[in-house]
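Have a look at the structure below before the remarks.
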Amino acid sequence: MGFWEWLERFFETKDDVLPEKANVIVGLGKSVSKDGKETSPQSRAVALKVLDLFQQSKVEYVLFTGGYHLPVMPTEAELMARLATDKVPTGKLFLEEKSRWTHQNADFSLPIMK
């Protein structure tokens, strides 16, 4: 069992049910591949879960957040959004790409959600 799988067990809440419908779901990016061309496995898992919930009509809008990048690399949010191509219509998908630290994901996402 890898570190992320081990850690996930501590955050998993079996009784925590999702609402019937939410306005927006926020997918937080967790790094990129070493070459900067793809999502990390963790970001990919988050993006695929977000897309699954969107396709089940459980959420109306999708917001991917994460700006981890070097000057020539795409952001976490952009890489996650690439997985949404042809799955989320224009106007339903938003990106927050300015954050560099975890707490900034919320700070920079809130204005977009408003």
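A note on labels: chains of the structure tokens are A, B, ... as shown, every chain counts residues from 1, and ligands are counted from 1 in their shown order.
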Test item, strand (DSSP E or B) assignment across chain A, answer as JSON, numbers by chain:
{"A": [22, 23, 24, 25, 26, 27, 28, 32, 39, 59, 60, 61, 62, 63, 64, 65, 93, 94, 95, 96]}
Export, as a PDB file, in the first residue's frame, the selected residues with C-alpha atoms.
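Okay, out_23.pdb is ready:
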ATOM      1  CA  ALA A  22     -24.583  20.637  -5.571  1.00  0.00           C
ATOM      2  CA  ASN A  23     -23.987  23.904  -7.389  1.00  0.00           C
ATOM      3  CA  VAL A  24     -20.259  23.400  -7.783  1.00  0.00           C
ATOM      4  CA  ILE A  25     -17.644  20.777  -7.087  1.00  0.00           C
ATOM      5  CA  VAL A  26     -14.061  21.859  -6.516  1.00  0.00           C
ATOM      6  CA  GLY A  27     -11.308  19.518  -7.644  1.00  0.00           C
ATOM      7  CA  LEU A  28      -8.029  20.400  -5.951  1.00  0.00           C
ATOM      8  CA  VAL A  32       1.898  17.279 -11.887  1.00  0.00           C
ATOM      9  CA  THR A  39      -1.508  15.252 -13.951  1.00  0.00           C
ATOM     10  CA  VAL A  59     -23.163  18.941  -9.688  1.00  0.00           C
ATOM     11  CA  GLU A  60     -23.926  21.819 -12.006  1.00  0.00           C
ATOM     12  CA  TYR A  61     -20.448  23.373 -12.310  1.00  0.00           C
ATOM     13  CA  VAL A  62     -16.877  22.107 -12.101  1.00  0.00           C
ATOM     14  CA  LEU A  63     -13.977  24.137 -10.724  1.00  0.00           C
ATOM     15  CA  PHE A  64     -10.460  22.741 -10.952  1.00  0.00           C
ATOM     16  CA  THR A  65      -7.951  24.544  -8.785  1.00  0.00           C
ATOM     17  CA  LEU A  93     -15.992  24.416 -16.281  1.00  0.00           C
ATOM     18  CA  PHE A  94     -13.865  26.959 -14.428  1.00  0.00           C
ATOM     19  CA  LEU A  95     -10.166  27.047 -13.581  1.00  0.00           C
ATOM     20  CA  GLU A  96      -8.308  28.665 -10.704  1.00  0.00           C
TER      21      GLU A  96
END
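Selecting alpha helix (DSSP H) from the backbone DSSP output for segment 64-100 of chain A yields Glu76, Ala77, Glu78, Leu79, Met80, Ala81 and Arg82 of chain A.
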Kindly save the residues from that selection, with C-alpha atoms included, as a short mmCIF file (atom, residue, chain, number, x, y, z; two decimals), in the first residue's frame.
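Heads up, here's the output in part18.cif:
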data_model
loop_
_atom_site.label_atom_id
_atom_site.label_comp_id
_atom_site.auth_asym_id
_atom_site.auth_seq_id
_atom_site.Cartn_x
_atom_site.Cartn_y
_atom_site.Cartn_z
CA GLU A 76 -2.53 21.55 -12.15
CA ALA A 77 -5.96 22.97 -12.96
CA GLU A 78 -5.25 23.07 -16.69
CA LEU A 79 -4.00 19.49 -16.76
CA MET A 80 -7.05 18.29 -14.82
CA ALA A 81 -9.32 20.23 -17.18
CA ARG A 82 -7.78 18.43 -20.15
#
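Among A:Gly66, A:Phe54, A:Trp4, A:Asn105, the residue with the shortest atom-to-atom distance to Gly29 of chain A, counting only C-alpha atoms, is A:Gly66.
The residue that comes closest to Ser33 of chain A, out of A:Thr90, A:Leu83, A:Pro74, A:Ser99 and on the basis of only C-alpha atoms, is A:Pro74.
The spacing separating atom CA of Pro41 of chain A from atom CA of Arg100 of chain A amounts to 18.8 Å.
Computed from the coordinates, the atom CA of Thr85 of chain A to atom CA of Gln104 of chain A distance equals 25.5 Å.
Comparing the minimum interatomic distances between Glu5 of chain A and each of A:Lys92, A:Gly36, A:Gln42, A:Pro111, counting only C-alpha atoms, we find that A:Gln42 sits nearest.
Put simply, atom CA of Glu20 of chain A is 26.2 Å away from atom CA of Asp107 of chain A.
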Select, from A:Gln55, A:Ser40, A:Ser31, A:Ser109, the residue with the minimum atom-to-atom distance to Ala84 of chain A, counting only C-alpha atoms.
A:Gln55
Choose the residue, out of A:Lys58, A:Met113, A:Met73, A:Lys30, that has the smallest atom-to-atom separation from Ala45 of chain A; count only C-alpha atoms.
A:Lys30
